[in-house]
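See below for upload_8.txt, which holds compact mmCIF, C-alpha atoms and all ligand atoms.
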# COMPACT_ATOMS: atom_id res chain seq x y z
CA MET A 1 30.78 -10.04 1.24
CA THR A 2 30.89 -13.74 2.00
CA GLU A 3 33.42 -16.04 0.43
CA GLU A 4 30.62 -17.54 -1.74
CA GLN A 5 29.69 -14.16 -3.16
CA THR A 6 33.19 -13.60 -4.43
CA ALA A 7 32.97 -16.71 -6.68
CA ASP A 8 34.75 -15.92 -9.91
CA PHE A 9 32.36 -14.92 -12.71
CA SER A 10 35.21 -14.71 -15.22
CA PRO A 11 37.81 -17.36 -14.35
CA ARG A 12 39.64 -16.88 -17.66
CA SER A 13 40.30 -13.16 -17.14
CA SER A 14 43.88 -12.07 -16.53
CA LYS A 15 45.02 -10.20 -13.41
CA THR A 16 45.45 -7.08 -15.50
CA GLU A 17 41.92 -7.31 -16.90
CA LYS A 18 40.53 -7.79 -13.40
CA ALA A 19 42.50 -4.83 -12.05
CA ASN A 20 41.29 -2.65 -14.93
CA ARG A 21 37.71 -3.64 -14.19
CA GLU A 22 38.12 -2.86 -10.47
CA ALA A 23 39.44 0.57 -11.42
CA PHE A 24 36.55 1.11 -13.84
CA ALA A 25 34.08 0.01 -11.13
CA ARG A 26 35.44 2.85 -9.01
CA VAL A 27 34.84 5.26 -11.90
CA PHE A 28 31.27 3.93 -12.09
CA SER A 29 30.73 4.24 -8.31
CA SER A 30 31.72 7.88 -8.46
CA SER A 31 29.64 8.69 -11.53
CA PRO A 32 28.40 12.26 -11.44
CA ILE A 33 25.28 11.31 -13.41
CA PRO A 34 22.10 11.55 -11.29
CA PRO A 35 21.02 7.98 -10.32
CA ALA A 36 17.55 8.10 -11.89
CA GLU A 37 19.05 9.29 -15.19
CA LEU A 38 21.88 6.79 -14.91
CA VAL A 39 19.60 3.74 -14.63
CA TYR A 40 17.03 5.04 -17.12
CA SER A 41 19.15 6.20 -20.02
CA GLN A 42 22.90 6.32 -19.43
CA LEU A 43 23.88 2.77 -18.42
CA SER A 44 25.36 1.95 -21.81
CA LEU A 45 28.14 4.41 -20.97
CA TYR A 46 29.47 1.74 -18.59
CA LEU A 47 28.28 -1.43 -20.33
CA SER A 48 31.08 -3.83 -21.20
CA ARG A 49 31.62 -5.14 -24.70
CA GLN A 50 31.28 -8.67 -23.32
CA GLU A 51 27.90 -7.94 -21.77
CA LEU A 52 26.68 -6.20 -24.90
CA SER A 53 27.66 -9.34 -26.85
CA ARG A 54 25.50 -11.50 -24.57
CA MET A 55 22.60 -9.11 -24.99
CA LEU A 56 22.87 -9.13 -28.78
CA THR A 57 23.12 -12.93 -28.81
CA LEU A 58 20.01 -13.38 -26.68
CA SER A 59 18.21 -10.74 -28.72
CA ASP A 60 18.98 -12.72 -31.90
CA LEU A 61 17.75 -15.93 -30.27
CA TYR A 62 14.57 -14.26 -29.08
CA ARG A 63 13.84 -12.89 -32.54
CA SER A 64 14.67 -16.02 -34.48
CA HIS A 65 13.28 -18.69 -32.13
CA VAL A 66 10.87 -17.32 -29.56
CA LEU A 67 8.71 -14.83 -31.42
CA GLU A 68 6.94 -17.25 -33.72
CA THR A 69 6.19 -19.95 -31.20
CA ASN A 70 4.02 -20.28 -28.14
CA GLY A 71 5.30 -21.02 -24.66
CA SER A 72 7.14 -19.70 -21.66
CA LEU A 73 10.67 -18.52 -21.02
CA PHE A 74 12.75 -20.22 -18.33
CA GLU A 75 16.02 -19.34 -16.71
CA PHE A 76 17.63 -22.09 -14.65
CA GLY A 77 20.16 -20.41 -12.38
CA THR A 78 19.38 -16.71 -12.47
CA CYS A 79 21.80 -15.39 -9.79
CA TYR A 80 21.50 -11.58 -9.85
CA GLY A 81 18.94 -11.78 -12.66
CA ARG A 82 20.64 -9.98 -15.55
CA THR A 83 19.30 -12.54 -18.06
CA ALA A 84 15.83 -12.45 -16.49
CA ALA A 85 15.79 -8.66 -16.81
CA LEU A 86 17.05 -8.88 -20.38
CA LEU A 87 14.38 -11.42 -21.38
CA THR A 88 11.74 -9.22 -19.74
CA ASN A 89 12.87 -6.24 -21.80
CA LEU A 90 13.23 -8.25 -25.03
CA ARG A 91 9.61 -9.34 -24.59
CA ALA A 92 8.61 -5.70 -24.10
CA ILE A 93 10.49 -4.66 -27.24
CA PHE A 94 9.60 -7.50 -29.62
CA GLU A 95 6.11 -8.55 -28.47
CA PRO A 96 4.78 -5.87 -26.14
CA TYR A 97 1.19 -7.08 -26.38
CA ASN A 98 1.89 -10.75 -25.79
CA PHE A 99 0.74 -10.85 -22.19
CA THR A 100 0.86 -14.69 -22.31
CA ARG A 101 4.66 -14.89 -22.58
CA LYS A 102 5.58 -15.77 -19.06
CA LEU A 103 9.09 -15.90 -17.56
CA ALA A 104 9.94 -18.34 -14.77
CA VAL A 105 13.32 -18.09 -13.07
CA PHE A 106 14.82 -20.65 -10.71
CA ASP A 107 17.57 -20.24 -8.16
CA THR A 108 18.48 -21.15 -4.61
CA PHE A 109 19.81 -17.57 -4.25
CA ALA A 110 22.23 -19.30 -1.86
CA GLY A 111 24.56 -20.48 -4.59
CA LEU A 112 25.28 -23.77 -6.30
CA ALA A 113 23.40 -26.75 -4.83
CA GLY A 114 24.11 -30.35 -5.75
CA CYS A 115 27.80 -30.32 -6.73
CA SER A 116 29.25 -33.79 -7.23
CA ALA A 117 32.29 -35.55 -8.66
CA LYS A 118 30.83 -34.93 -12.14
CA ASP A 119 31.52 -31.22 -11.66
CA GLY A 120 35.29 -31.49 -11.62
CA THR A 121 37.67 -29.75 -9.27
CA HIS A 122 37.48 -26.04 -10.12
CA GLU A 123 37.50 -23.93 -6.94
CA SER A 124 34.11 -22.35 -7.77
CA ALA A 125 32.44 -25.71 -8.49
CA GLN A 126 31.27 -26.17 -4.93
CA ASP A 127 27.99 -25.76 -3.11
CA GLY A 128 27.41 -22.19 -2.01
CA ALA A 129 29.45 -20.53 -4.78
CA TYR A 130 27.62 -17.75 -6.66
CA SER A 131 25.28 -16.95 -3.79
CA SER A 132 23.37 -13.76 -4.55
CA GLY A 133 22.98 -12.98 -0.84
CA ALA A 134 20.20 -13.30 1.72
CA GLY A 135 16.85 -12.01 0.52
CA TYR A 136 18.10 -11.25 -2.98
CA GLU A 137 14.92 -12.67 -4.52
CA ASN A 138 13.03 -9.67 -3.10
CA HIS A 139 15.37 -7.27 -4.85
CA LEU A 140 15.05 -9.20 -8.11
CA ALA A 141 11.24 -9.17 -7.82
CA ALA A 142 11.31 -5.37 -7.46
CA VAL A 143 13.61 -5.05 -10.49
CA LEU A 144 11.46 -7.31 -12.71
CA ARG A 145 8.25 -5.56 -11.57
CA HIS A 146 9.80 -2.23 -12.52
CA HIS A 147 10.77 -3.42 -16.00
CA GLU A 148 7.28 -4.88 -16.50
CA SER A 149 5.78 -1.55 -15.42
CA GLU A 150 7.52 0.16 -18.36
CA ALA A 151 5.76 -2.16 -20.88
CA PRO A 152 2.12 -2.38 -22.04
CA ILE A 153 -0.46 -4.47 -20.14
CA ALA A 154 1.56 -4.07 -16.98
CA HIS A 155 -1.31 -5.01 -14.66
CA ILE A 156 -0.78 -8.67 -15.68
CA GLY A 157 2.29 -10.04 -13.87
CA LYS A 158 4.47 -12.01 -16.28
CA HIS A 159 7.18 -13.52 -14.14
CA GLU A 160 7.55 -16.06 -11.37
CA ILE A 161 10.63 -16.38 -9.19
CA VAL A 162 11.04 -19.90 -7.82
CA LYS A 163 13.43 -20.11 -4.87
CA GLY A 164 15.10 -23.37 -3.82
CA ASP A 165 16.91 -26.33 -5.31
CA ALA A 166 15.44 -26.51 -8.82
CA ALA A 167 15.93 -30.29 -8.86
CA GLN A 168 13.01 -30.22 -6.40
CA THR A 169 11.13 -26.99 -7.16
CA LEU A 170 10.63 -27.58 -10.89
CA ASP A 171 8.36 -30.59 -10.16
CA ALA A 172 6.09 -28.47 -7.97
CA TYR A 173 6.13 -25.65 -10.56
CA LEU A 174 5.06 -28.06 -13.32
CA ARG A 175 2.31 -29.48 -11.11
CA ARG A 176 1.06 -25.91 -10.58
CA HIS A 177 1.39 -25.27 -14.32
CA PRO A 178 0.50 -28.42 -16.27
CA GLU A 179 -0.21 -26.12 -19.25
CA THR A 180 3.54 -25.43 -19.58
CA ILE A 181 5.06 -25.33 -23.05
CA VAL A 182 8.73 -24.32 -23.27
CA ALA A 183 9.57 -21.62 -25.80
CA LEU A 184 13.11 -21.02 -24.49
CA ALA A 185 14.96 -22.47 -21.52
CA TYR A 186 18.31 -20.99 -20.54
CA PHE A 187 20.45 -23.39 -18.51
CA ASP A 188 23.03 -21.68 -16.33
CA PHE A 189 23.30 -23.72 -13.12
CA ASP A 190 26.91 -24.50 -14.14
CA ILE A 191 26.63 -27.98 -12.59
CA TYR A 192 25.46 -31.50 -13.36
CA ALA A 193 22.72 -32.54 -10.90
CA PRO A 194 20.15 -29.72 -11.28
CA THR A 195 20.84 -29.46 -15.03
CA LYS A 196 20.14 -33.15 -15.53
CA ALA A 197 17.07 -33.12 -13.26
CA CYS A 198 15.55 -30.08 -15.01
CA LEU A 199 16.29 -31.36 -18.53
CA GLU A 200 14.52 -34.62 -17.66
CA ARG A 201 11.51 -32.96 -16.08
CA LEU A 202 11.17 -30.38 -18.86
CA ARG A 203 11.32 -32.96 -21.62
CA PRO A 204 7.53 -33.65 -21.76
CA HIS A 205 6.96 -29.90 -22.09
CA LEU A 206 9.24 -29.40 -25.13
CA THR A 207 7.91 -28.88 -28.64
CA ARG A 208 9.85 -29.17 -31.87
CA ARG A 209 10.46 -25.40 -31.71
CA SER A 210 11.54 -25.14 -28.08
CA VAL A 211 15.07 -23.81 -27.82
CA LEU A 212 17.43 -24.99 -25.08
CA VAL A 213 20.23 -22.54 -24.39
CA PHE A 214 23.38 -23.46 -22.46
CA ASP A 215 26.05 -21.27 -20.92
CA GLN A 216 28.76 -23.82 -20.13
CA LEU A 217 28.93 -26.49 -22.82
CA ASN A 218 32.44 -27.82 -23.49
CA CYS A 219 33.64 -25.90 -20.43
CA PRO A 220 36.52 -27.52 -18.53
CA GLU A 221 35.86 -25.48 -15.36
CA TYR A 222 32.24 -26.75 -15.26
CA PRO A 223 32.06 -30.10 -17.08
CA GLY A 224 28.75 -31.08 -15.45
CA GLU A 225 26.46 -29.15 -17.80
CA THR A 226 27.78 -31.02 -20.86
CA VAL A 227 27.65 -34.36 -19.05
CA ALA A 228 24.00 -33.73 -18.12
CA LEU A 229 23.07 -32.88 -21.72
CA ALA A 230 24.92 -35.95 -22.97
CA GLU A 231 23.18 -38.25 -20.49
CA VAL A 232 19.66 -36.91 -21.09
CA PHE A 233 19.64 -36.46 -24.87
CA GLY A 234 22.93 -37.88 -26.18
CA LEU A 235 25.38 -35.45 -27.76
CA GLY A 236 25.09 -37.30 -31.08
CA ARG A 237 21.44 -36.17 -31.35
CA CYS A 238 22.22 -32.52 -30.55
CA ASP A 239 22.65 -30.09 -33.41
CA ILE A 240 24.58 -27.64 -31.21
CA ARG A 241 24.57 -24.15 -32.62
CA ARG A 242 26.22 -21.00 -31.39
CA SER A 243 26.46 -17.32 -32.07
CA PRO A 244 29.74 -15.86 -33.34
CA LEU A 245 29.14 -12.91 -31.01
CA THR A 246 29.97 -14.63 -27.74
CA PRO A 247 32.15 -17.63 -26.86
CA TRP A 248 29.93 -19.36 -24.30
CA ILE A 249 26.29 -19.34 -25.30
CA SER A 250 25.22 -22.29 -27.42
CA TYR A 251 21.80 -23.75 -28.13
CA VAL A 252 19.85 -26.70 -29.45
CA VAL A 253 16.43 -26.59 -31.06
CA ALA A 254 14.43 -29.38 -29.42
CA GLY A 255 13.02 -30.70 -32.70
CA ASP A 256 16.47 -32.20 -33.20
CA LEU A 257 16.08 -34.09 -29.92
CA ILE A 258 12.46 -35.18 -29.76
CA GLY A 259 11.69 -35.61 -33.44
C1 LIG A 301 26.61 -18.69 -12.85
S1 LIG A 301 25.24 -18.37 -11.89
C2 LIG A 301 23.97 -17.91 -13.02
C3 LIG A 301 24.23 -16.63 -13.76
C4 LIG A 301 23.03 -16.02 -14.44
N1 LIG A 301 22.31 -16.93 -15.30
C5 LIG A 301 23.44 -14.82 -15.26
O1 LIG A 301 23.08 -14.74 -16.45
O2 LIG A 301 24.09 -13.94 -14.68
C6 LIG A 301 24.68 -19.96 -11.42
C7 LIG A 301 23.43 -19.92 -10.56
O3 LIG A 301 22.85 -21.22 -10.46
C8 LIG A 301 22.26 -21.33 -9.19
N2 LIG A 301 22.10 -22.76 -8.85
C9 LIG A 301 23.08 -23.71 -8.84
N3 LIG A 301 22.58 -24.88 -8.45
C10 LIG A 301 21.24 -24.70 -8.25
C11 LIG A 301 20.18 -25.55 -7.87
N4 LIG A 301 20.37 -26.85 -7.59
N5 LIG A 301 18.93 -25.02 -7.80
C12 LIG A 301 18.72 -23.71 -8.06
N6 LIG A 301 19.70 -22.84 -8.41
C13 LIG A 301 20.94 -23.33 -8.50
C14 LIG A 301 23.23 -20.61 -8.27
O4 LIG A 301 22.63 -20.18 -7.08
C15 LIG A 301 23.69 -19.43 -9.14
O5 LIG A 301 22.94 -18.28 -8.89
For the structure just supplied, provide its representation as structure tokens.
Amino acid sequence: MTEEQTADFSPRSSKTEKANREAFARVFSSSPIPPAELVYSQLSLYLSRQELSRMLTLSDLYRSHVLETNGSLFEFGTCYGRTAALLTNLRAIFEPYNFTRKLAVFDTFAGLAGCSAKDGTHESAQDGAYSSGAGYENHLAAVLRHHESEAPIAHIGKHEIVKGDAAQTLDAYLRRHPETIVALAYFDFDIYAPTKACLERLRPHLTRRSVLVFDQLNCPEYPGETVALAEVFGLGRCDIRRSPLTPWISYVVAGDLIG
């Protein structure tokens, strides 16, 4: 593993919690459950309460905000792709015949790109942190194709993985897809520059029902996401909502911003 790959996904966890999780990871690695059965039906045996909370939160958001509007799903900063996979499966569960609900995910797959003074001094707020590793986009493509294959109308591909600095690649994506309407956009770059660039470029594609989801608002380790939102829309115009299920995810319905 490179130094970048060890970037801390849970900087608030205690040493004891981290040691417990390392020990549990060893239990998982030595699971006697056959791999095909493990990935198909037994993964919840090992699923953390924290991860289940995220899943329930995004499920609620999908049901209450996505289902009754048109448009695509976006994830800005996908890393290993857990949210992309979750959104793919929520689509399959809640609207299995909506073959028009596309998912576009953006990442360098080489870690944070564009860190600046606006991102503070936390040790993980530096370019290259959270790299998913060389060629990871190919693995993610195989994972998303598999999940799509388990849902109806599987011959129509429903995702696009866009590799590179999203501050640049989103422009090209929107030129390829001028039809874009945003149903839900999940911002998880952690940092200022790509968050601000993508919020600005996405703005003409928002409707009153588009929902913008953020993973790091009011986060001292990664101040840049909040600063970007403040500069693009103004915090005073944002009706920031959150789920009681998880501390980090918060969201704004765009009607509050563009109305
Ligand atoms: C915290 S991780 C995302 C976690 C992911 N959303 C999840 O649910 O597990 C942040 C990601 O943003 C990506 N990223 C940061 N800056 C970027 C940029 N300028 N363009 C594209 N991706 C970027 C990083 O490569 C990293 O994978």
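For the pair atom CA of Leu52 of chain A and atom CA of Pro244 of chain A, the separation is 13.2 Å.
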Next on the checklist: Env of Thr169 of chain A: 12 Å cut, atoms = all atoms listed in the file, seq-sep filter 3 positions within chain, self excluded. Answer as number ranges by chain.
Outcome noted: A: 76, 104-108, 161-166, 172-176, 194, 197-198, 201
Using C-alpha atoms, can you write the selected residues to a file as a compact mmCIF listing (two decimals), in the frame of the given file?
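After the write, again-v4.txt holds the following:
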# COMPACT_ATOMS: atom_id res chain seq x y z
CA PHE A 76 17.63 -22.09 -14.65
CA ALA A 104 9.94 -18.34 -14.77
CA VAL A 105 13.32 -18.09 -13.07
CA PHE A 106 14.82 -20.65 -10.71
CA ASP A 107 17.57 -20.24 -8.16
CA THR A 108 18.48 -21.15 -4.61
CA ILE A 161 10.63 -16.38 -9.19
CA VAL A 162 11.04 -19.90 -7.82
CA LYS A 163 13.43 -20.11 -4.87
CA GLY A 164 15.10 -23.37 -3.82
CA ASP A 165 16.91 -26.33 -5.31
CA ALA A 166 15.44 -26.51 -8.82
CA ALA A 172 6.09 -28.47 -7.97
CA TYR A 173 6.13 -25.65 -10.56
CA LEU A 174 5.06 -28.06 -13.32
CA ARG A 175 2.31 -29.48 -11.11
CA ARG A 176 1.06 -25.91 -10.58
CA PRO A 194 20.15 -29.72 -11.28
CA ALA A 197 17.07 -33.12 -13.26
CA CYS A 198 15.55 -30.08 -15.01
CA ARG A 201 11.51 -32.96 -16.08
With only C-alpha atoms and all ligand atoms counted, collect every polymer residue having an atom within 6 Å of ligand LIG 301 (chain A); state the result as a CSV table (one decimal) with C-alpha atoms, in the frame of the given file.
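That gives us out_8.csv:
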chain,number,residue,atom,x,y,z
A,77,GLY,CA,20.2,-20.4,-12.4
A,78,THR,CA,19.4,-16.7,-12.5
A,79,CYS,CA,21.8,-15.4,-9.8
A,80,TYR,CA,21.5,-11.6,-9.8
A,81,GLY,CA,18.9,-11.8,-12.7
A,82,ARG,CA,20.6,-10.0,-15.6
A,83,THR,CA,19.3,-12.5,-18.1
A,106,PHE,CA,14.8,-20.6,-10.7
A,107,ASP,CA,17.6,-20.2,-8.2
A,108,THR,CA,18.5,-21.2,-4.6
A,109,PHE,CA,19.8,-17.6,-4.2
A,110,ALA,CA,22.2,-19.3,-1.9
A,111,GLY,CA,24.6,-20.5,-4.6
A,112,LEU,CA,25.3,-23.8,-6.3
A,113,ALA,CA,23.4,-26.8,-4.8
A,114,GLY,CA,24.1,-30.4,-5.8
A,130,TYR,CA,27.6,-17.8,-6.7
A,131,SER,CA,25.3,-17.0,-3.8
A,164,GLY,CA,15.1,-23.4,-3.8
A,165,ASP,CA,16.9,-26.3,-5.3
A,166,ALA,CA,15.4,-26.5,-8.8
A,167,ALA,CA,15.9,-30.3,-8.9
A,188,ASP,CA,23.0,-21.7,-16.3
A,189,PHE,CA,23.3,-23.7,-13.1
A,190,ASP,CA,26.9,-24.5,-14.1
A,194,PRO,CA,20.2,-29.7,-11.3
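Counting all atoms listed in the file, the residue from A:His155, A:Arg54, A:Arg241, A:Arg91 that sits nearest to Asp256 of chain A is A:Arg241.
Counting from atom CA of Phe187 of chain A, the distance to atom CA of Ile249 of chain A is 9.8 Å.
Taking atom CA of Ala254 of chain A and atom CA of Arg209 of chain A as endpoints, the distance between them is 6.1 Å.
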Next on the checklist: Can you pull out the residues contacting Tyr62 of chain A? Cut-off 12 Å, using only C-alpha atoms, and skip same-chain residues under 6 positions away; I want them as a list in words.
Outcome noted: Met55, Leu56, Glu68, Thr69, Ser72, Leu73, Leu86, Leu87, Thr88, Asn89, Leu90, Arg91, Ala92, Ile93, Phe94, Glu95, Arg101, Ala183, Leu184, Ala185, Tyr186, Ser210, Val211, Leu212, Val213 and Tyr251 of chain A
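The shell of residues at most 8 Å from His122 of chain A, with all atoms listed in the file counted and near chain neighbours (fewer than 3 positions) removed, consists of Ala125, Glu221 and Tyr222 of chain A.
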Checklist outcome for this item: One residue among A:Ala23, A:Val39, A:Val227, A:Leu217 is nearest to Ile240 of chain A when using all atoms listed in the file, and that residue is A:Leu217
